[in-house]
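Here the structure comes first, spelled out in structure tokens, and everything after it is commentary.
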Amino acid sequence: MPCSTPSRTRRTSPSKSPEGGRAIERTTAVVIGAGHAGLAASHFLRGRSIDHVVLERGEVANSWRRERWDSLRLLTPNWQSRLPGHRYEGPDPDGYMTMGEVIEFIERFATVSRTPVRTGTNVRSVRRTDDGYRVTTSRGEIRCRAVVIASGACNQPTVPQFTDAVPASVVQLTPFDYHGPTNLPDGGVLVVGASATGVQLAAELKRSGRPVILSVGEHVRLPRLYRGRDVLWWMDASGVWNQRHDEVDDLTRARRLPSPQLVGTPERRTLDLNALAAMGVELVGRWAAVRDGRALFSGGLRNVFSLADLKMQRLLDTFDEWARAHGCDAEVDPPERFAPTHVPESARWQLDLRSGEIRTIVWATGLRPDYGWLDVPVVDAKGRLRHEGGVVDSPGLYALGLPVLRRRKSTFIHGIEDDAREVIDHLTRYLAVRHSLA
């Protein structure tokens, strides 16, 4: 009698769940999340004839629909927007997609890939069983041999513990709550965090006519254009973005780095702290505490700025060395150097939040994944998934779409193809070994 294909399971007749008499569905793999990472996983699972379903709590590309502000554009240029067998083919390759265009791009990929997505399906728990996993959803239970977690790295805002000490008269928002300046109370805004999100919101709010203060901590400074090319072209061409996770000196730190200070605009302009200061945004240090209704900011802005400038300079040196080594100097503009970040002459150390000067605080202090539904002991004390290149510390459990998962480009749309291919390759080998031992 011939053996069945190792990577495929035959559908069995449903059995009854002991919890509520519901039929238990059985499949080989379950993918959690129908963003670009989950859809890429499905693409490769389908290519290997692995039976699977993709579960999505909302709609395809749900986070782009529900958890972004109205004016946001991709940081990556359109020519870099690509998924397995699917890429941008519009008239503006050097532009940056709007949110509507991103949603349409991802939806189209789901359609052409014939992804088996089940929308409106909340995953309530994932538990280990003797032969795989039990996935409990709002629509019933699924038993499977492997699970791919592609639910995203940005499910929940991260805010400091002292937010409760902020006076009630000040409205507090995260990027999930923010849609545009018209939704905020009149008056000044304090934006906390100077990554891509923080600088973009500070600029938008300042252009709306509001007084804006930006609280700055560690950040990654980059020019939008370097030597006539998008800086992300240099990241791609020089191989920096392809650096693998097992080649990074301090992987934990690399995975915690804030997103670079970039904005996608038709003008392709640089949005760094110098540009914000020129607009009239006031820069202060990292918000350290709240005491008696006052926000206290740390000193040391000069050191924070110098470190970001130094790291940018080293990266630009890397690009220049690559251009020389590959004979590209004649094809691009001459090397450039940028003015150091200007240090305010007298940055304030505290701000009375009861004075009415600030009516709104926007916490652009980072986002984190939510694994509250994951009932498998693979999450550390800081809420991070324990994995090695997307292979989670539990047999048959995998992850995609996390920072520097397998490469520095892992969280970007164009970075998912290589990661997904390799992770699904590992999953396929795992299933084959399990089949041979059965």
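To be explicit about the labels: the chains of the structure tokens are called A, B, and onward in the order shown, and within each one the residues are counted from 1, while ligands get numbers from 1 in the order they are shown.
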
| message | Using only C-alpha atoms, which protein or nucleic acid residues come within 12 Å of Ser346 in chain A? Drop anything in the same chain fewer than 6 positions from it, and give the result as a PyMOL selection string. | response | chain A and resi 282-285+299-302

Save the residues we just selected, C-alpha atoms, as a compact mmCIF listing (two decimals), in the first residue's frame?
# COMPACT_ATOMS: atom_id res chain seq x y z
CA GLU A 282 10.28 71.99 20.83
CA LEU A 283 12.66 69.16 21.71
CA VAL A 284 13.04 67.85 25.27
CA GLY A 285 14.73 64.81 26.76
CA GLY A 299 19.13 65.49 30.55
CA GLY A 300 21.79 64.32 28.15
CA LEU A 301 20.17 65.33 24.87
CA ARG A 302 23.61 66.11 23.49

Please provide as a short mmCIF file (atom, residue, chain, number, x, y, z; two decimals) with N, CA, C and O atoms, in the first residue's frame all residues within 6 Å of range 38-43 of chain A, with the sequence filter that same-chain residues fewer than 5 positions apart are discarded (counting only C-alpha atoms).
data_model
loop_
_atom_site.label_atom_id
_atom_site.label_comp_id
_atom_site.auth_asym_id
_atom_site.auth_seq_id
_atom_site.Cartn_x
_atom_site.Cartn_y
_atom_site.Cartn_z
N GLY A 33 -3.44 34.98 11.67
CA GLY A 33 -3.19 36.33 11.15
C GLY A 33 -3.19 36.36 9.64
O GLY A 33 -2.51 35.56 8.99
N ALA A 150 1.40 34.48 12.98
CA ALA A 150 1.68 35.63 12.12
C ALA A 150 0.74 36.76 12.49
O ALA A 150 0.23 37.47 11.62
N ALA A 420 9.45 33.66 5.14
CA ALA A 420 8.34 32.71 5.07
C ALA A 420 8.77 31.43 4.36
O ALA A 420 8.41 30.32 4.78
#

| request: Please identify all polymer residues within 12 Å of Val248 in chain A, counting only C-alpha atoms, omitting same-chain residues fewer than 6 positions from it, and present them as a VMD selection string. | output: chain A and resid 240 to 242 254 to 255 404 to 408

Kindly export the residues of the current selection with N, CA, C and O atoms, as a PDB file, in the first residue's frame.
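Result written to out-v4.pdb:
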ATOM      1  N   VAL A 240      22.831  45.327   3.682  1.00  0.00           N
ATOM      2  CA  VAL A 240      22.620  45.557   5.111  1.00  0.00           C
ATOM      3  C   VAL A 240      21.311  44.920   5.566  1.00  0.00           C
ATOM      4  O   VAL A 240      21.240  44.281   6.618  1.00  0.00           O
ATOM      5  N   TRP A 241      20.267  45.085   4.762  1.00  0.00           N
ATOM      6  CA  TRP A 241      18.968  44.550   5.159  1.00  0.00           C
ATOM      7  C   TRP A 241      18.910  43.024   5.109  1.00  0.00           C
ATOM      8  O   TRP A 241      18.044  42.413   5.710  1.00  0.00           O
ATOM      9  N   ASN A 242      19.810  42.408   4.373  1.00  0.00           N
ATOM     10  CA  ASN A 242      19.812  40.949   4.269  1.00  0.00           C
ATOM     11  C   ASN A 242      20.658  40.278   5.348  1.00  0.00           C
ATOM     12  O   ASN A 242      20.783  39.049   5.344  1.00  0.00           O
ATOM     13  N   ALA A 254      19.178  44.434  18.640  1.00  0.00           N
ATOM     14  CA  ALA A 254      18.739  44.694  17.268  1.00  0.00           C
ATOM     15  C   ALA A 254      17.228  44.566  17.149  1.00  0.00           C
ATOM     16  O   ALA A 254      16.584  45.333  16.422  1.00  0.00           O
ATOM     17  N   ARG A 255      16.659  43.613  17.868  1.00  0.00           N
ATOM     18  CA  ARG A 255      15.210  43.402  17.796  1.00  0.00           C
ATOM     19  C   ARG A 255      14.431  44.473  18.556  1.00  0.00           C
ATOM     20  O   ARG A 255      13.224  44.591  18.366  1.00  0.00           O
ATOM     21  N   VAL A 404      13.691  41.418  13.061  1.00  0.00           N
ATOM     22  CA  VAL A 404      14.913  40.644  12.819  1.00  0.00           C
ATOM     23  C   VAL A 404      14.648  39.161  13.088  1.00  0.00           C
ATOM     24  O   VAL A 404      15.425  38.488  13.762  1.00  0.00           O
ATOM     25  N   LEU A 405      13.559  38.651  12.573  1.00  0.00           N
ATOM     26  CA  LEU A 405      13.229  37.242  12.785  1.00  0.00           C
ATOM     27  C   LEU A 405      14.305  36.357  12.176  1.00  0.00           C
ATOM     28  O   LEU A 405      14.889  35.513  12.859  1.00  0.00           O
ATOM     29  N   ARG A 406      14.568  36.563  10.883  1.00  0.00           N
ATOM     30  CA  ARG A 406      15.670  35.866  10.220  1.00  0.00           C
ATOM     31  C   ARG A 406      16.629  36.834   9.539  1.00  0.00           C
ATOM     32  O   ARG A 406      17.773  36.480   9.251  1.00  0.00           O
ATOM     33  N   ARG A 407      16.149  38.054   9.289  1.00  0.00           N
ATOM     34  CA  ARG A 407      16.965  39.080   8.639  1.00  0.00           C
ATOM     35  C   ARG A 407      16.576  40.442   9.193  1.00  0.00           C
ATOM     36  O   ARG A 407      15.507  40.589   9.784  1.00  0.00           O
ATOM     37  N   ARG A 408      17.383  41.439   8.933  1.00  0.00           N
ATOM     38  CA  ARG A 408      17.060  42.785   9.415  1.00  0.00           C
ATOM     39  C   ARG A 408      15.800  43.337   8.759  1.00  0.00           C
ATOM     40  O   ARG A 408      15.154  44.217   9.316  1.00  0.00           O
TER      41      ARG A 408
END

| task | Name the residues of range 32-223 of chain A that come out as helix (DSSP H, G or I) in a backbone DSSP run; write them as number ranges by chain. | result | A: 36-47, 62-66, 78-80, 99-112, 161-165, 181-183, 196-207

| task | Using only C-alpha atoms, find the one residue out of A:Thr265, A:Ala165, A:Ala153, A:Val123 that sits nearest to Gly372 in chain A. | result |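 Selected residue with least distance to Gly372 in chain A: A:Val123.
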
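Across the structure, CA of Asn155 in chain A and CA of Glu59 in chain A are spaced 14.8 Å apart.
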
| request: Skip Leu351 in chain A itself and residues of its chain fewer than 6 positions away, then list as a ChimeraX atom specification all residues within 7 Å of it, counting only C-alpha atoms. | output: /A:294-296

Could you give me the residues within range 8-150 of chain A that DSSP places in strand (DSSP E), as a short mmCIF file (atom, residue, chain, number, x, y, z; two decimals) with N, CA and C atoms, in the first residue's frame?
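result_21.cif, written as the output of this step:
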data_model
loop_
_atom_site.label_atom_id
_atom_site.label_comp_id
_atom_site.auth_asym_id
_atom_site.auth_seq_id
_atom_site.Cartn_x
_atom_site.Cartn_y
_atom_site.Cartn_z
N SER A 15 -14.96 15.02 14.71
CA SER A 15 -15.31 14.39 15.99
C SER A 15 -15.97 15.44 16.85
N LYS A 16 -16.50 15.03 17.96
CA LYS A 16 -17.22 15.95 18.83
C LYS A 16 -16.32 16.50 19.93
N ALA A 23 -18.42 20.09 16.55
CA ALA A 23 -17.51 19.30 15.73
C ALA A 23 -16.10 19.87 15.81
N ILE A 24 -15.12 19.01 15.91
CA ILE A 24 -13.73 19.42 15.93
C ILE A 24 -13.16 19.26 14.53
N GLU A 25 -12.67 20.34 13.96
CA GLU A 25 -12.06 20.29 12.64
C GLU A 25 -10.61 19.86 12.78
N ARG A 26 -10.13 19.13 11.78
CA ARG A 26 -8.73 18.71 11.76
C ARG A 26 -8.08 19.15 10.47
N ALA A 29 -2.08 22.40 9.29
CA ALA A 29 -1.47 23.60 9.86
C ALA A 29 -2.51 24.70 9.99
N VAL A 30 -2.32 25.52 11.01
CA VAL A 30 -3.14 26.71 11.22
C VAL A 30 -2.21 27.91 11.21
N VAL A 31 -2.57 28.92 10.42
CA VAL A 31 -1.85 30.19 10.40
C VAL A 31 -2.72 31.22 11.11
N ILE A 32 -2.15 31.93 12.06
CA ILE A 32 -2.91 32.92 12.83
C ILE A 32 -2.51 34.31 12.35
N HIS A 52 -4.20 23.60 5.16
CA HIS A 52 -4.13 24.60 6.22
C HIS A 52 -5.29 25.57 6.12
N VAL A 53 -5.47 26.35 7.19
CA VAL A 53 -6.41 27.47 7.21
C VAL A 53 -5.69 28.67 7.80
N VAL A 54 -6.16 29.86 7.41
CA VAL A 54 -5.63 31.12 7.95
C VAL A 54 -6.76 31.78 8.74
N LEU A 55 -6.52 32.03 10.01
CA LEU A 55 -7.53 32.60 10.90
C LEU A 55 -7.24 34.08 11.11
N ARG A 82 6.72 44.17 -2.43
CA ARG A 82 6.60 42.90 -3.13
C ARG A 82 6.33 41.78 -2.13
N LEU A 83 5.53 40.83 -2.60
CA LEU A 83 5.22 39.61 -1.88
C LEU A 83 5.46 38.46 -2.85
N HIS A 86 4.04 38.58 -6.40
CA HIS A 86 3.14 39.74 -6.44
C HIS A 86 3.95 40.99 -6.10
N ARG A 87 3.88 42.00 -6.96
CA ARG A 87 4.65 43.21 -6.70
C ARG A 87 3.92 44.44 -7.22
N VAL A 117 -8.63 32.00 3.87
CA VAL A 117 -8.77 32.88 5.04
C VAL A 117 -10.16 32.76 5.63
N ARG A 118 -10.22 32.72 6.94
CA ARG A 118 -11.49 32.80 7.66
C ARG A 118 -11.47 34.08 8.47
N VAL A 123 -9.02 33.90 17.74
CA VAL A 123 -8.33 32.77 18.38
C VAL A 123 -8.33 33.02 19.89
N ARG A 124 -8.94 32.13 20.61
CA ARG A 124 -9.05 32.28 22.07
C ARG A 124 -7.95 31.56 22.82
N SER A 125 -7.47 30.46 22.27
CA SER A 125 -6.36 29.77 22.92
C SER A 125 -5.69 28.82 21.94
N VAL A 126 -4.39 28.61 22.17
CA VAL A 126 -3.63 27.58 21.47
C VAL A 126 -2.95 26.75 22.54
N ARG A 127 -3.24 25.44 22.53
CA ARG A 127 -2.69 24.54 23.55
C ARG A 127 -2.00 23.36 22.88
N ARG A 128 -0.96 22.89 23.54
CA ARG A 128 -0.22 21.73 23.06
C ARG A 128 -1.03 20.46 23.32
N THR A 129 -1.01 19.52 22.37
CA THR A 129 -1.60 18.20 22.55
C THR A 129 -0.54 17.16 22.22
N GLY A 132 0.09 17.49 18.39
CA GLY A 132 0.15 18.80 17.76
C GLY A 132 -0.43 19.88 18.65
N TYR A 133 -1.48 20.57 18.15
CA TYR A 133 -2.05 21.71 18.87
C TYR A 133 -3.56 21.72 18.76
N ARG A 134 -4.18 22.26 19.79
CA ARG A 134 -5.62 22.49 19.80
C ARG A 134 -5.83 24.00 19.77
N VAL A 135 -6.47 24.47 18.71
CA VAL A 135 -6.72 25.89 18.52
C VAL A 135 -8.21 26.14 18.76
N THR A 136 -8.51 26.86 19.82
CA THR A 136 -9.89 27.18 20.15
C THR A 136 -10.21 28.57 19.63
N THR A 137 -11.27 28.66 18.83
CA THR A 137 -11.64 29.94 18.21
C THR A 137 -13.08 30.29 18.56
N GLY A 140 -15.31 27.65 16.93
CA GLY A 140 -15.13 26.23 17.16
C GLY A 140 -13.67 25.87 17.38
N GLU A 141 -13.40 24.58 17.36
CA GLU A 141 -12.08 24.06 17.70
C GLU A 141 -11.44 23.41 16.49
N ILE A 142 -10.13 23.61 16.36
CA ILE A 142 -9.36 23.01 15.28
C ILE A 142 -8.18 22.26 15.89
N ARG A 143 -7.99 21.01 15.48
CA ARG A 143 -6.80 20.25 15.86
C ARG A 143 -5.85 20.24 14.67
N CYS A 144 -4.58 20.49 14.94
CA CYS A 144 -3.60 20.56 13.86
C CYS A 144 -2.26 20.06 14.34
N ALA A 146 0.68 21.66 13.26
CA ALA A 146 1.61 22.79 13.31
C ALA A 146 0.83 24.09 13.32
N VAL A 147 1.42 25.11 13.95
CA VAL A 147 0.82 26.44 14.02
C VAL A 147 1.86 27.47 13.62
N VAL A 148 1.46 28.44 12.77
CA VAL A 148 2.31 29.56 12.41
C VAL A 148 1.69 30.82 13.00
N ILE A 149 2.41 31.46 13.91
CA ILE A 149 1.93 32.70 14.53
C ILE A 149 2.37 33.85 13.65
#

| Do you know which residues are at most 12 Å from Lys206 in chain A counting only C-alpha atoms, after dropping those on the same chain fewer than 3 positions away, and could you put them as number ranges by chain? | A: 180-181, 187-191, 199-203, 209-214, 275-282

| task | Have a look at CA of Pro258 in chain A and CA of Ala196 in chain A and let me know their distance in Å, one decimal. | result | 7.9 Å
